[in-house]
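Coordinates from target_38.cif are shown below (mmCIF, C-alpha atoms and all ligand atoms).
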```
data_start
#
loop_
_atom_site.label_atom_id
_atom_site.label_comp_id
_atom_site.auth_asym_id
_atom_site.auth_seq_id
_atom_site.Cartn_x
_atom_site.Cartn_y
_atom_site.Cartn_z
CA MET W 1 -181.28 -10.28 -45.50
CA ASN W 2 -179.45 -13.45 -46.41
CA SER W 3 -175.84 -13.43 -45.35
CA LEU W 4 -173.44 -12.46 -48.11
CA PRO W 5 -170.31 -14.46 -48.96
CA VAL W 6 -167.15 -13.71 -47.01
CA ALA W 7 -165.26 -17.00 -46.65
CA GLN W 8 -164.13 -19.15 -49.59
CA VAL W 9 -166.28 -22.13 -48.67
CA MET W 10 -166.51 -24.76 -51.33
CA ALA W 11 -168.90 -27.41 -50.04
CA PRO W 12 -172.66 -27.00 -49.37
CA PRO W 13 -173.45 -27.38 -45.65
CA ASP W 14 -174.87 -30.92 -45.98
CA VAL W 15 -171.78 -32.21 -47.82
CA ILE W 16 -168.69 -33.46 -45.98
CA ASP W 17 -165.81 -32.41 -48.20
CA LEU W 18 -162.78 -34.32 -46.95
CA GLY W 19 -160.77 -32.85 -49.82
CA MET W 20 -160.85 -29.32 -48.53
CA GLY W 21 -157.45 -28.06 -47.32
CA ASN W 22 -158.72 -25.27 -45.05
CA PRO W 23 -158.42 -24.98 -41.28
CA SER W 24 -161.63 -25.51 -39.36
CA PRO W 25 -163.60 -22.36 -38.44
CA SER W 26 -163.49 -23.58 -34.82
CA SER W 27 -159.67 -23.46 -34.84
CA LEU W 28 -159.35 -19.87 -36.09
CA PRO W 29 -158.03 -17.87 -33.09
CA LEU W 30 -160.36 -14.86 -32.96
CA GLU W 31 -159.45 -14.01 -29.37
CA LEU W 32 -155.70 -13.90 -30.08
CA ILE W 33 -156.24 -11.62 -33.06
CA ARG W 34 -158.75 -9.47 -31.16
CA GLU W 35 -156.36 -8.89 -28.25
CA SER W 36 -153.51 -7.89 -30.50
CA ALA W 37 -155.70 -5.73 -32.78
CA GLN W 38 -157.16 -3.88 -29.78
CA LYS W 39 -153.68 -3.17 -28.47
CA THR W 40 -152.45 -2.03 -31.86
CA LEU W 41 -155.42 0.24 -32.42
CA SER W 42 -155.28 1.85 -29.00
CA GLN W 43 -151.77 3.25 -29.59
CA ASN W 44 -151.12 6.70 -31.05
CA ASP W 45 -148.65 5.46 -33.65
CA ASN W 46 -150.60 5.21 -36.91
CA SER W 47 -147.71 4.38 -39.23
CA PHE W 48 -149.28 1.04 -40.21
CA LEU W 49 -151.98 3.04 -42.01
CA GLN W 50 -149.33 4.46 -44.37
CA TYR W 51 -147.93 2.71 -47.47
CA GLY W 52 -145.61 0.10 -46.01
CA THR W 53 -141.84 -0.19 -46.25
CA GLU W 54 -141.09 -2.43 -49.25
CA GLN W 55 -139.44 -5.32 -47.45
CA GLY W 56 -142.29 -5.54 -44.95
CA ASP W 57 -142.91 -4.20 -41.43
CA GLY W 58 -139.52 -4.07 -39.67
CA TYR W 59 -140.99 -4.95 -36.25
CA LEU W 60 -142.77 -7.98 -37.67
CA ARG W 61 -139.55 -9.09 -39.34
CA VAL W 62 -137.65 -8.82 -36.03
CA ALA W 63 -140.35 -10.77 -34.17
CA LEU W 64 -140.51 -13.35 -36.96
CA SER W 65 -136.73 -13.79 -37.11
CA GLY W 66 -136.74 -14.62 -33.38
CA PHE W 67 -139.66 -17.00 -33.77
CA LEU W 68 -138.18 -18.80 -36.80
CA SER W 69 -134.69 -19.01 -35.29
CA LYS W 70 -136.21 -20.92 -32.37
CA GLY W 71 -138.55 -23.02 -34.52
CA PHE W 72 -135.95 -23.90 -37.17
CA GLY W 73 -132.97 -24.30 -34.83
CA PHE W 74 -130.62 -21.96 -36.72
CA PRO W 75 -130.34 -18.16 -36.91
CA VAL W 76 -132.81 -16.44 -39.24
CA HIS W 77 -131.86 -12.81 -39.88
CA THR W 78 -134.29 -9.93 -40.46
CA GLU W 79 -132.41 -8.79 -43.58
CA ASN W 80 -133.20 -12.16 -45.16
CA LEU W 81 -136.95 -11.87 -44.58
CA PHE W 82 -139.45 -10.28 -46.94
CA ILE W 83 -143.13 -10.06 -45.98
CA THR W 84 -145.64 -11.44 -48.48
CA ALA W 85 -149.41 -11.81 -48.67
CA GLY W 86 -148.99 -15.59 -48.27
CA ILE W 87 -147.31 -18.27 -50.32
CA SER W 88 -149.75 -17.98 -53.22
CA ASN W 89 -148.74 -14.33 -53.51
CA ALA W 90 -145.04 -15.22 -53.16
CA LEU W 91 -145.33 -17.74 -55.99
CA ASP W 92 -147.11 -15.27 -58.24
CA LEU W 93 -144.46 -12.62 -57.55
CA LEU W 94 -141.69 -15.18 -58.11
CA CYS W 95 -143.16 -16.01 -61.52
CA SER W 96 -143.55 -12.30 -62.40
CA LEU W 97 -139.98 -11.43 -61.45
CA PHE W 98 -137.99 -14.49 -62.50
CA THR W 99 -139.82 -16.06 -65.46
CA LYS W 100 -141.42 -15.27 -68.80
CA ALA W 101 -144.08 -17.19 -70.71
CA GLY W 102 -142.81 -20.52 -72.05
CA ASP W 103 -140.02 -20.90 -69.47
CA ARG W 104 -139.45 -24.32 -67.95
CA VAL W 105 -140.21 -24.94 -64.30
CA PHE W 106 -139.87 -28.26 -62.50
CA VAL W 107 -142.40 -29.53 -59.99
CA GLU W 108 -142.77 -32.67 -57.94
CA GLU W 109 -145.10 -35.32 -59.34
CA PRO W 110 -147.56 -35.02 -57.60
CA SER W 111 -147.64 -31.38 -56.54
CA TYR W 112 -150.02 -28.84 -54.96
CA PHE W 113 -152.62 -28.36 -57.68
CA LEU W 114 -153.29 -24.69 -56.96
CA ALA W 115 -149.61 -23.81 -57.41
CA LEU W 116 -149.95 -25.46 -60.83
CA ARG W 117 -152.83 -23.03 -61.52
CA ILE W 118 -150.55 -20.06 -60.71
CA PHE W 119 -147.86 -21.42 -63.05
CA ALA W 120 -150.52 -21.81 -65.77
CA ASP W 121 -151.51 -18.15 -65.33
CA HIS W 122 -147.88 -17.29 -66.16
CA HIS W 123 -147.90 -19.66 -69.16
CA LEU W 124 -144.97 -21.65 -67.80
CA ASN W 125 -143.91 -24.99 -69.17
CA VAL W 126 -144.35 -27.28 -66.15
CA ILE W 127 -142.21 -30.43 -66.10
CA PRO W 128 -142.94 -33.11 -63.48
CA ILE W 129 -140.08 -34.78 -61.60
CA GLU W 130 -140.52 -38.19 -60.02
CA THR W 131 -140.96 -38.60 -56.27
CA ASP W 132 -140.92 -41.60 -53.95
CA GLU W 133 -141.83 -42.02 -50.27
CA ASN W 134 -138.90 -39.70 -49.45
CA GLY W 135 -139.99 -36.92 -51.79
CA LEU W 136 -138.20 -35.70 -54.92
CA VAL W 137 -135.80 -38.24 -56.40
CA PRO W 138 -132.45 -36.48 -57.07
CA ALA W 139 -131.51 -38.94 -59.86
CA SER W 140 -134.71 -38.02 -61.74
CA LEU W 141 -133.92 -34.35 -61.27
CA GLU W 142 -130.44 -34.92 -62.73
CA ARG W 143 -131.94 -36.72 -65.73
CA ALA W 144 -134.30 -33.80 -66.39
CA LEU W 145 -131.43 -31.33 -66.00
CA ALA W 146 -129.49 -33.13 -68.71
CA SER W 147 -131.82 -31.61 -71.35
CA ALA W 148 -132.17 -28.10 -69.83
CA ALA W 149 -132.29 -26.35 -66.47
CA PRO W 150 -135.56 -24.81 -65.30
CA LYS W 151 -135.99 -21.22 -64.09
CA PHE W 152 -136.99 -22.75 -60.77
CA LEU W 153 -137.85 -26.00 -59.07
CA TYR W 154 -141.00 -25.79 -56.97
CA LEU W 155 -140.80 -28.10 -53.97
CA ILE W 156 -142.92 -28.78 -50.88
CA PRO W 157 -140.16 -30.46 -48.88
CA THR W 158 -141.93 -31.11 -45.57
CA PHE W 159 -145.29 -32.88 -45.11
CA GLN W 160 -145.89 -32.44 -48.80
CA ASN W 161 -149.27 -31.58 -50.27
CA PRO W 162 -150.74 -34.02 -51.23
CA THR W 163 -148.48 -36.93 -50.19
CA GLY W 164 -147.41 -35.94 -46.66
CA HIS W 165 -143.84 -37.04 -47.51
CA THR W 166 -140.77 -35.30 -46.10
CA LEU W 167 -137.52 -34.89 -48.03
CA PRO W 168 -134.53 -36.14 -45.99
CA GLN W 169 -131.59 -33.85 -45.20
CA GLU W 170 -129.22 -35.58 -47.57
CA ARG W 171 -131.54 -35.11 -50.55
CA ARG W 172 -132.03 -31.45 -49.62
CA GLU W 173 -128.29 -30.94 -49.78
CA GLN W 174 -127.98 -32.83 -53.07
CA ILE W 175 -130.72 -30.68 -54.62
CA VAL W 176 -129.06 -27.45 -53.42
CA ARG W 177 -125.77 -28.59 -55.02
CA LEU W 178 -127.60 -29.31 -58.28
CA ALA W 179 -129.25 -25.86 -58.18
CA GLU W 180 -125.82 -24.24 -57.76
CA LYS W 181 -124.28 -26.33 -60.53
CA HIS W 182 -127.10 -25.80 -63.05
CA ASN W 183 -128.02 -22.29 -61.93
CA PHE W 184 -131.70 -22.56 -61.14
CA LEU W 185 -133.73 -21.38 -58.16
CA ILE W 186 -135.29 -23.68 -55.57
CA ALA W 187 -138.69 -22.32 -54.51
CA ALA W 188 -139.29 -24.26 -51.29
CA ASP W 189 -142.91 -24.03 -50.12
CA GLU W 190 -142.56 -24.67 -46.38
CA VAL W 191 -146.15 -24.04 -45.39
CA TYR W 192 -146.23 -27.17 -43.16
CA GLN W 193 -142.68 -26.96 -41.74
CA LEU W 194 -143.94 -25.79 -38.34
CA LEU W 195 -146.78 -28.33 -38.17
CA ASN W 196 -144.89 -31.38 -36.93
CA TYR W 197 -146.99 -33.60 -34.63
CA SER W 198 -144.30 -36.09 -33.68
CA SER W 199 -141.33 -35.66 -31.37
CA GLU W 200 -138.95 -36.63 -34.21
CA PRO W 201 -136.90 -33.62 -35.33
CA LEU W 202 -137.42 -32.58 -38.95
CA PRO W 203 -134.74 -32.09 -41.58
CA LYS W 204 -133.61 -28.46 -41.77
CA SER W 205 -135.77 -25.91 -43.53
CA PHE W 206 -134.41 -24.79 -46.91
CA GLY W 207 -133.87 -21.45 -45.13
CA ALA W 208 -130.62 -23.04 -43.91
CA TYR W 209 -129.22 -22.90 -47.47
CA ILE W 210 -129.95 -19.32 -48.54
CA GLU W 211 -126.26 -18.36 -48.66
CA SER W 212 -126.18 -20.17 -51.99
CA LYS W 213 -128.40 -17.46 -53.61
CA ASN W 214 -130.29 -20.30 -55.30
CA VAL W 215 -132.80 -20.89 -52.53
CA ILE W 216 -136.05 -19.17 -51.65
CA SER W 217 -137.84 -20.54 -48.59
CA MET W 218 -141.50 -19.51 -48.42
CA GLY W 219 -143.55 -19.53 -45.22
CA SER W 220 -147.09 -18.52 -44.31
CA PHE W 221 -149.31 -17.66 -41.36
CA SER W 222 -152.25 -19.35 -43.14
CA LYS W 223 -151.90 -22.77 -41.50
CA ILE W 224 -150.36 -21.72 -38.16
CA LEU W 225 -152.67 -18.77 -37.44
CA ALA W 226 -155.35 -17.91 -40.04
CA PRO W 227 -155.49 -17.81 -43.85
CA GLY W 228 -157.71 -14.70 -43.89
CA LEU W 229 -154.74 -12.69 -42.63
CA ARG W 230 -153.13 -13.10 -46.06
CA LEU W 231 -149.66 -12.88 -44.57
CA GLY W 232 -146.49 -14.86 -45.09
CA TRP W 233 -142.80 -14.41 -45.75
CA ILE W 234 -139.89 -15.26 -47.97
CA GLN W 235 -136.50 -16.11 -46.51
CA SER W 236 -133.68 -15.77 -48.98
CA HIS W 237 -130.29 -14.22 -49.70
CA ALA W 238 -130.36 -10.41 -49.34
CA ASP W 239 -129.82 -10.02 -53.11
CA ILE W 240 -132.99 -11.98 -53.84
CA VAL W 241 -134.93 -10.23 -51.07
CA ASN W 242 -133.88 -6.92 -52.62
CA ARG W 243 -135.10 -8.04 -56.03
CA PHE W 244 -138.54 -8.79 -54.55
CA ALA W 245 -138.57 -5.48 -52.65
CA ALA W 246 -137.66 -3.56 -55.83
CA SER W 247 -140.62 -4.92 -57.83
CA GLY W 248 -143.02 -2.54 -59.54
CA LEU W 249 -145.86 -3.94 -57.45
CA LEU W 250 -144.23 -2.71 -54.24
CA ASP W 251 -142.94 0.50 -55.75
CA SER W 252 -146.51 1.43 -56.46
CA GLY W 253 -148.37 -0.21 -53.56
CA GLY W 254 -145.70 -0.25 -50.85
CA GLY W 255 -144.81 -3.27 -48.72
CA LEU W 256 -147.48 -5.95 -48.37
CA ASN W 257 -150.23 -5.82 -45.75
CA PRO W 258 -148.79 -3.32 -43.24
CA PHE W 259 -152.01 -3.23 -41.21
CA THR W 260 -152.21 -7.01 -40.79
CA SER W 261 -148.46 -7.11 -40.15
CA ALA W 262 -148.86 -4.76 -37.18
CA VAL W 263 -151.53 -7.02 -35.67
CA VAL W 264 -149.66 -10.28 -36.30
CA ARG W 265 -146.46 -8.76 -34.88
CA GLY W 266 -148.28 -8.51 -31.53
CA VAL W 267 -149.36 -12.15 -31.71
CA VAL W 268 -145.79 -13.28 -32.38
CA GLU W 269 -144.26 -11.03 -29.70
CA SER W 270 -146.72 -12.16 -26.99
CA GLY W 271 -145.98 -15.84 -27.57
CA GLY W 272 -149.55 -16.27 -28.89
CA LEU W 273 -148.35 -17.79 -32.15
CA GLU W 274 -146.32 -20.43 -30.35
CA SER W 275 -149.22 -21.40 -28.08
CA ASN W 276 -151.60 -21.48 -31.05
CA ILE W 277 -149.30 -23.93 -32.83
CA GLY W 278 -149.22 -26.04 -29.65
CA ARG W 279 -153.03 -26.19 -29.65
CA LEU W 280 -153.14 -27.11 -33.34
CA ARG W 281 -150.62 -29.91 -32.82
CA GLN W 282 -152.79 -31.46 -30.16
CA ARG W 283 -156.00 -31.08 -32.12
CA TYR W 284 -154.54 -32.47 -35.35
CA THR W 285 -152.90 -35.42 -33.60
CA ASN W 286 -156.36 -36.45 -32.40
CA GLN W 287 -157.91 -35.93 -35.82
CA ILE W 288 -155.23 -38.07 -37.48
CA ALA W 289 -156.05 -40.91 -35.07
CA VAL W 290 -159.76 -40.60 -35.88
CA MET W 291 -159.19 -40.61 -39.64
CA ASP W 292 -156.74 -43.51 -39.45
CA ASP W 293 -159.24 -45.55 -37.45
CA ALA W 294 -162.13 -44.70 -39.83
CA LEU W 295 -160.04 -45.60 -42.88
CA ARG W 296 -159.02 -48.95 -41.43
CA ARG W 297 -162.62 -49.84 -40.68
CA HIS W 298 -164.40 -48.47 -43.75
CA LEU W 299 -161.79 -48.36 -46.55
CA PRO W 300 -159.55 -51.36 -45.84
CA ARG W 301 -158.27 -51.51 -49.43
CA ALA W 302 -156.72 -48.04 -49.23
CA GLN W 303 -152.97 -48.04 -48.53
CA TYR W 304 -151.36 -45.09 -46.81
CA ALA W 305 -148.69 -43.95 -44.38
CA VAL W 306 -150.13 -42.25 -41.30
CA PRO W 307 -148.96 -38.61 -41.53
CA HIS W 308 -146.87 -37.03 -38.75
CA GLY W 309 -147.52 -33.47 -39.80
CA GLY W 310 -149.23 -31.21 -42.30
CA TYR W 311 -152.86 -31.62 -43.34
CA PHE W 312 -153.31 -34.73 -45.48
CA PHE W 313 -153.69 -38.48 -45.89
CA TRP W 314 -152.66 -39.69 -49.35
CA LEU W 315 -154.49 -42.91 -50.18
CA ARG W 316 -153.51 -45.42 -52.79
CA PHE W 317 -156.21 -47.72 -54.17
CA PRO W 318 -155.64 -50.81 -56.30
CA GLU W 319 -154.58 -50.23 -59.93
CA GLY W 320 -157.55 -49.76 -62.23
CA MET W 321 -159.53 -47.76 -59.72
CA ASN W 322 -160.26 -44.23 -60.97
CA THR W 323 -160.91 -41.72 -58.20
CA SER W 324 -161.96 -38.97 -60.66
CA GLU W 325 -164.78 -41.29 -61.81
CA LEU W 326 -165.63 -42.04 -58.20
CA ARG W 327 -165.88 -38.32 -57.46
CA LYS W 328 -168.43 -37.86 -60.26
CA ARG W 329 -170.71 -40.26 -58.38
CA ALA W 330 -170.09 -38.78 -54.93
CA SER W 331 -172.64 -35.98 -54.86
CA PRO W 332 -175.75 -38.11 -53.96
CA PHE W 333 -173.69 -39.47 -51.07
CA LYS W 334 -173.11 -35.91 -49.83
CA VAL W 335 -169.37 -36.33 -49.68
CA ASP W 336 -166.34 -35.06 -51.56
CA PHE W 337 -162.54 -35.55 -51.73
CA ARG W 338 -159.73 -34.66 -54.14
CA PRO W 339 -158.80 -37.27 -56.76
CA GLY W 340 -155.10 -37.98 -57.39
CA ALA W 341 -155.22 -36.84 -61.02
CA LEU W 342 -155.72 -33.25 -59.86
CA PHE W 343 -152.18 -33.23 -58.47
CA SER W 344 -150.55 -34.78 -61.52
CA SER W 345 -148.79 -32.81 -64.26
CA ASN W 346 -148.90 -35.76 -66.65
CA GLY W 347 -152.37 -37.24 -66.26
CA GLY W 348 -151.32 -39.95 -63.81
CA LEU W 349 -152.18 -40.92 -60.22
CA LYS W 350 -155.73 -41.95 -61.10
CA ASN W 351 -155.89 -44.49 -58.26
CA PHE W 352 -154.93 -41.99 -55.54
CA MET W 353 -157.01 -39.76 -53.31
CA ARG W 354 -156.20 -36.87 -50.97
CA MET W 355 -158.10 -36.50 -47.71
CA CYS W 356 -157.66 -33.66 -45.26
CA PHE W 357 -157.99 -34.35 -41.53
CA VAL W 358 -158.06 -30.78 -40.18
CA TYR W 359 -161.35 -29.19 -41.27
CA TYR W 360 -163.95 -31.48 -39.74
CA GLU W 361 -164.65 -32.60 -36.20
CA ALA W 362 -164.13 -36.28 -35.26
CA ASP W 363 -167.73 -37.44 -35.89
CA GLU W 364 -167.80 -35.76 -39.31
CA ILE W 365 -164.48 -37.32 -40.31
CA GLU W 366 -165.85 -40.75 -39.48
CA GLU W 367 -169.14 -40.03 -41.29
CA GLY W 368 -167.30 -38.64 -44.36
CA VAL W 369 -165.12 -41.75 -44.68
CA LYS W 370 -168.22 -43.95 -44.32
CA ARG W 371 -169.95 -42.04 -47.12
CA ILE W 372 -166.94 -42.45 -49.42
CA ALA W 373 -166.99 -46.19 -48.67
CA ALA W 374 -170.72 -46.31 -49.53
CA CYS W 375 -170.07 -44.47 -52.80
CA LEU W 376 -167.26 -46.90 -53.60
CA HIS W 377 -169.47 -49.94 -52.93
CA SER W 378 -172.15 -48.50 -55.23
CA MET W 379 -169.66 -48.53 -58.10
CA LYS W 380 -169.01 -52.25 -57.91
C1 LIG W 401 -148.51 -26.54 -50.29
C2 LIG W 401 -149.29 -25.30 -50.10
N1 LIG W 401 -148.78 -24.13 -50.49
C3 LIG W 401 -149.45 -22.99 -50.34
C4 LIG W 401 -150.72 -22.97 -49.81
C5 LIG W 401 -151.43 -21.66 -49.72
O1 LIG W 401 -150.72 -20.81 -48.85
P1 LIG W 401 -151.13 -19.31 -48.60
O2 LIG W 401 -152.45 -19.30 -47.90
O3 LIG W 401 -150.02 -18.79 -47.76
O4 LIG W 401 -151.22 -18.62 -49.92
C6 LIG W 401 -151.30 -24.16 -49.39
C7 LIG W 401 -152.66 -24.18 -48.85
O5 LIG W 401 -153.35 -25.18 -48.87
C8 LIG W 401 -150.57 -25.36 -49.55
O6 LIG W 401 -151.07 -26.54 -49.18
#
```
Have the structure of the file written as structure tokens, please.
Ligand SMILES: Cc1ncc(COP(=O)(O)O)c(C=O)c1O
Amino acid sequence: MNSLPVAQVMAPPDVIDLGMGNPSPSSLPLELIRESAQKTLSQNDNSFLQYGTEQGDGYLRVALSGFLSKGFGFPVHTENLFITAGISNALDLLCSLFTKAGDRVFVEEPSYFLALRIFADHHLNVIPIETDENGLVPASLERALASAAPKFLYLIPTFQNPTGHTLPQERREQIVRLAEKHNFLIAADEVYQLLNYSSEPLPKSFGAYIESKNVISMGSFSKILAPGLRLGWIQSHADIVNRFAASGLLDSGGGLNPFTSAVVRGVVESGGLESNIGRLRQRYTNQIAVMDDALRRHLPRAQYAVPHGGYFFWLRFPEGMNTSELRKRASPFKVDFRPGALFSSNGGLKNFMRMCFVYYEADEIEEGVKRIAACLHSMK
């Protein structure tokens, strides 16, 4: 029998898809999960097979609060944590609970294109706000606020997808003050906050500002452990956490993913999560060097800043170049990438391209970049 689909794989096996934002199969820590699952399943306590407590497994929240307090450098309290099925789920729940069709939401231009898909499912009116090499521009946010406040501002403040940019501390504080003044929520997607490959300290997570009641920091195990776990968290003021916990979804189905939570709790408690992140940092640092070198040699006209964290290179090509058109011609070259226009809420960014450095091994990264260069030359 042919194997049946399990993983969400997008590219055929002979295509190198440098656009894909998934971790590599070879980096998914089966042994760590196996050890913890075996331990969990050999105990007599079977409470994780019951409907879960609405806020999420209490033991996981305790373990996570310790882990995040260390990682973020400030205290993270269990009562401020709510367990989700990942950031995609958190965003969907946020839209269900805090918006109705037609409401305004602000996003960075560019932003994570699959979050834009979730906002479209909720029929939200998405308004792009300008960014520069330091992320969202507060003056542009103020200009947009002059006409009307959004229900929320969706931000990826650290190692942004797709740009890799990080919002400095001062801008974070300015944006929090604007949220308080104009009464909107900040939905900070911090999926890459713990994937810093340099020794430079990062600006504080938005979790540092939850006292304001305007801030929701969203985290995920997808990029630091494994996306198939479908597990993440929200860190916010207890009033907001309680609103999430009181949703109809949880009233009916109980807290999210109690079984997975019990397994991941073991990985966090044993220090396995921390060591896994250490391994990823090393691996991704090498892959960045390989991609940087390949880009310099094969795509010298692409401009970019070498990323210090996250998953992506964001390439700028000369004006007039259209990466969506280039992609249409890529299939005979057995290569793929994500064109800039995908990440734009206003049809811009046509001369940009997102490349991911985490999925492929070094030789495939080099080969993929070479194929894109060949495709580009064929267009001239
Ligand atoms: C910015 C951003 N947010 C969210 C996600 C998805 O997170 P999760 O797997 O926790 O739903 C991704 C995955 O690529 C991402 O890049």
Once 6 Å is added on each side, what centre and edge lengths in Å to one decimal does the axis-aligned box around all listed atoms of ligand LIG 401 (chain W) have, as JSON?
```
{"center_x": -150.9, "center_y": -22.6, "center_z": -49.1, "size_x": 16.8, "size_y": 19.9, "size_z": 14.7}
```
Review point. Suppose you want the space between CA of Asn257 in chain W and CA of Pro5 in chain W; what is it in Å?
Key: 22.1 Å
Check your understanding: Taking into account only C-alpha atoms, which residue in the set W:Ala187, W:Ala7, W:Leu342, W:Ile16 is nearest to Val369 in chain W?
Key ->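 Ranked by minimum distance to Val369 in chain W, first place goes to W:Ile16.
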Sorted by chain and rising residue number, list the residues of range 126-200 of chain W at most 6 Å from range 214-232 of chain W (counting only C-alpha atoms), each with its closest atom pair and distance in Å to one decimal, as a tab-separated table.
```
residue	atom	partner	partner_atom	distance
W:Leu185	CA	W:Asn214	CA	4.6
W:Ile186	CA	W:Val215	CA	4.8
W:Ala187	CA	W:Ile216	CA	5.0
W:Ala188	CA	W:Ser217	CA	4.8
W:Asp189	CA	W:Met218	CA	5.0
W:Glu190	CA	W:Gly219	CA	5.4
W:Val191	CA	W:Gly219	CA	5.2
```
Check your understanding: When distances are computed from only C-alpha atoms, which of W:His308, W:His77, W:Arg61, W:His377 shows the smallest separation from His237 in chain W?
Key -> W:His77
Exercise for review: Go ahead and compute the interatomic distance for CA of Asp292 in chain W and CA of Arg338 in chain W, in Å to one decimal.
Suggested key: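 Rounded to one decimal, the two atoms are 17.4 Å apart.
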Exercise for review: Find the spatial neighbours of range 115-122 of chain W, counting all atoms listed in the file, within a cut-off of 9 Å - ignore same-chain residues fewer than 3 positions away - and output them as a ChimeraX atom specification.
Suggested key: /W:88,91-92,95-96,99-102,105,107,111-112,125-126,154,343,345
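Between CA of Pro201 in chain W and CA of Ser26 in chain W lies a distance of 28.4 Å.
Among W:Leu273, W:Val263, W:Leu18, W:Leu280, the residue with the shortest atom-to-atom distance to Met353 in chain W, counting only C-alpha atoms, is W:Leu18.
Between Gln287 in chain W and the residues W:Gly348, W:Pro203, W:Gly340, W:Gly309, the shortest atom-to-atom distance, using only C-alpha atoms, involves W:Gly309.
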Range 143-150 of chain W surroundings by all atoms listed in the file, 9 Å radius, close-in-sequence under 2 positions cut, as an mmCIF file with C-alpha atoms, keeping the file's coordinate frame:
```
data_model
loop_
_atom_site.group_PDB
_atom_site.id
_atom_site.type_symbol
_atom_site.label_atom_id
_atom_site.label_comp_id
_atom_site.auth_asym_id
_atom_site.auth_seq_id
_atom_site.Cartn_x
_atom_site.Cartn_y
_atom_site.Cartn_z
ATOM 1 C CA ASP W 103 -140.020 -20.900 -69.470
ATOM 2 C CA ARG W 104 -139.450 -24.320 -67.950
ATOM 3 C CA VAL W 105 -140.210 -24.940 -64.300
ATOM 4 C CA PHE W 106 -139.870 -28.260 -62.500
ATOM 5 C CA ILE W 127 -142.210 -30.430 -66.100
ATOM 6 C CA ILE W 129 -140.080 -34.780 -61.600
ATOM 7 C CA PRO W 138 -132.450 -36.480 -57.070
ATOM 8 C CA ALA W 139 -131.510 -38.940 -59.860
ATOM 9 C CA SER W 140 -134.710 -38.020 -61.740
ATOM 10 C CA LEU W 141 -133.920 -34.350 -61.270
ATOM 11 C CA PHE W 152 -136.990 -22.750 -60.770
ATOM 12 C CA LEU W 153 -137.850 -26.000 -59.070
ATOM 13 C CA LEU W 178 -127.600 -29.310 -58.280
ATOM 14 C CA ALA W 179 -129.250 -25.860 -58.180
ATOM 15 C CA HIS W 182 -127.100 -25.800 -63.050
ATOM 16 C CA ASN W 183 -128.020 -22.290 -61.930
ATOM 17 C CA PHE W 184 -131.700 -22.560 -61.140
ATOM 18 C CA LEU W 185 -133.730 -21.380 -58.160
#
```
Export of range 262-274 of chain W: N, CA and C atoms, as a PDB file, in the first residue's frame:
```pdb
ATOM      1  N   ALA W 262       0.427  16.994  28.816  1.00  0.00           N
ATOM      2  CA  ALA W 262       1.060  16.134  29.823  1.00  0.00           C
ATOM      3  C   ALA W 262       2.430  15.662  29.330  1.00  0.00           C
ATOM      4  N   VAL W 263       2.532  15.383  28.034  1.00  0.00           N
ATOM      5  CA  VAL W 263       3.811  14.925  27.483  1.00  0.00           C
ATOM      6  C   VAL W 263       4.816  16.082  27.436  1.00  0.00           C
ATOM      7  N   VAL W 264       4.366  17.231  26.970  1.00  0.00           N
ATOM      8  CA  VAL W 264       5.283  18.371  26.823  1.00  0.00           C
ATOM      9  C   VAL W 264       5.736  18.883  28.197  1.00  0.00           C
ATOM     10  N   ARG W 265       4.851  18.786  29.172  1.00  0.00           N
ATOM     11  CA  ARG W 265       5.234  19.156  30.547  1.00  0.00           C
ATOM     12  C   ARG W 265       6.507  18.418  30.945  1.00  0.00           C
ATOM     13  N   GLY W 266       6.572  17.118  30.648  1.00  0.00           N
ATOM     14  CA  GLY W 266       7.755  16.320  30.995  1.00  0.00           C
ATOM     15  C   GLY W 266       9.003  16.835  30.282  1.00  0.00           C
ATOM     16  N   VAL W 267       8.843  17.238  29.036  1.00  0.00           N
ATOM     17  CA  VAL W 267       9.991  17.731  28.261  1.00  0.00           C
ATOM     18  C   VAL W 267      10.500  19.057  28.853  1.00  0.00           C
ATOM     19  N   VAL W 268       9.575  19.886  29.295  1.00  0.00           N
ATOM     20  CA  VAL W 268       9.984  21.175  29.881  1.00  0.00           C
ATOM     21  C   VAL W 268      10.651  20.919  31.232  1.00  0.00           C
ATOM     22  N   GLU W 269      10.019  20.069  32.056  1.00  0.00           N
ATOM     23  CA  GLU W 269      10.539  19.824  33.418  1.00  0.00           C
ATOM     24  C   GLU W 269      11.927  19.183  33.405  1.00  0.00           C
ATOM     25  N   SER W 270      12.195  18.323  32.409  1.00  0.00           N
ATOM     26  CA  SER W 270      13.480  17.612  32.385  1.00  0.00           C
ATOM     27  C   SER W 270      14.620  18.475  31.840  1.00  0.00           C
ATOM     28  N   GLY W 271      14.300  19.651  31.346  1.00  0.00           N
ATOM     29  CA  GLY W 271      15.331  20.485  30.723  1.00  0.00           C
ATOM     30  C   GLY W 271      15.502  20.150  29.245  1.00  0.00           C
ATOM     31  N   GLY W 272      14.687  19.205  28.747  1.00  0.00           N
ATOM     32  CA  GLY W 272      14.789  18.777  27.343  1.00  0.00           C
ATOM     33  C   GLY W 272      14.468  19.900  26.361  1.00  0.00           C
ATOM     34  N   LEU W 273      13.536  20.767  26.752  1.00  0.00           N
ATOM     35  CA  LEU W 273      13.173  21.859  25.845  1.00  0.00           C
ATOM     36  C   LEU W 273      14.356  22.812  25.680  1.00  0.00           C
ATOM     37  N   GLU W 274      14.983  23.129  26.806  1.00  0.00           N
ATOM     38  CA  GLU W 274      16.121  24.048  26.774  1.00  0.00           C
ATOM     39  C   GLU W 274      17.253  23.470  25.908  1.00  0.00           C
TER      40      GLU W 274
END
```
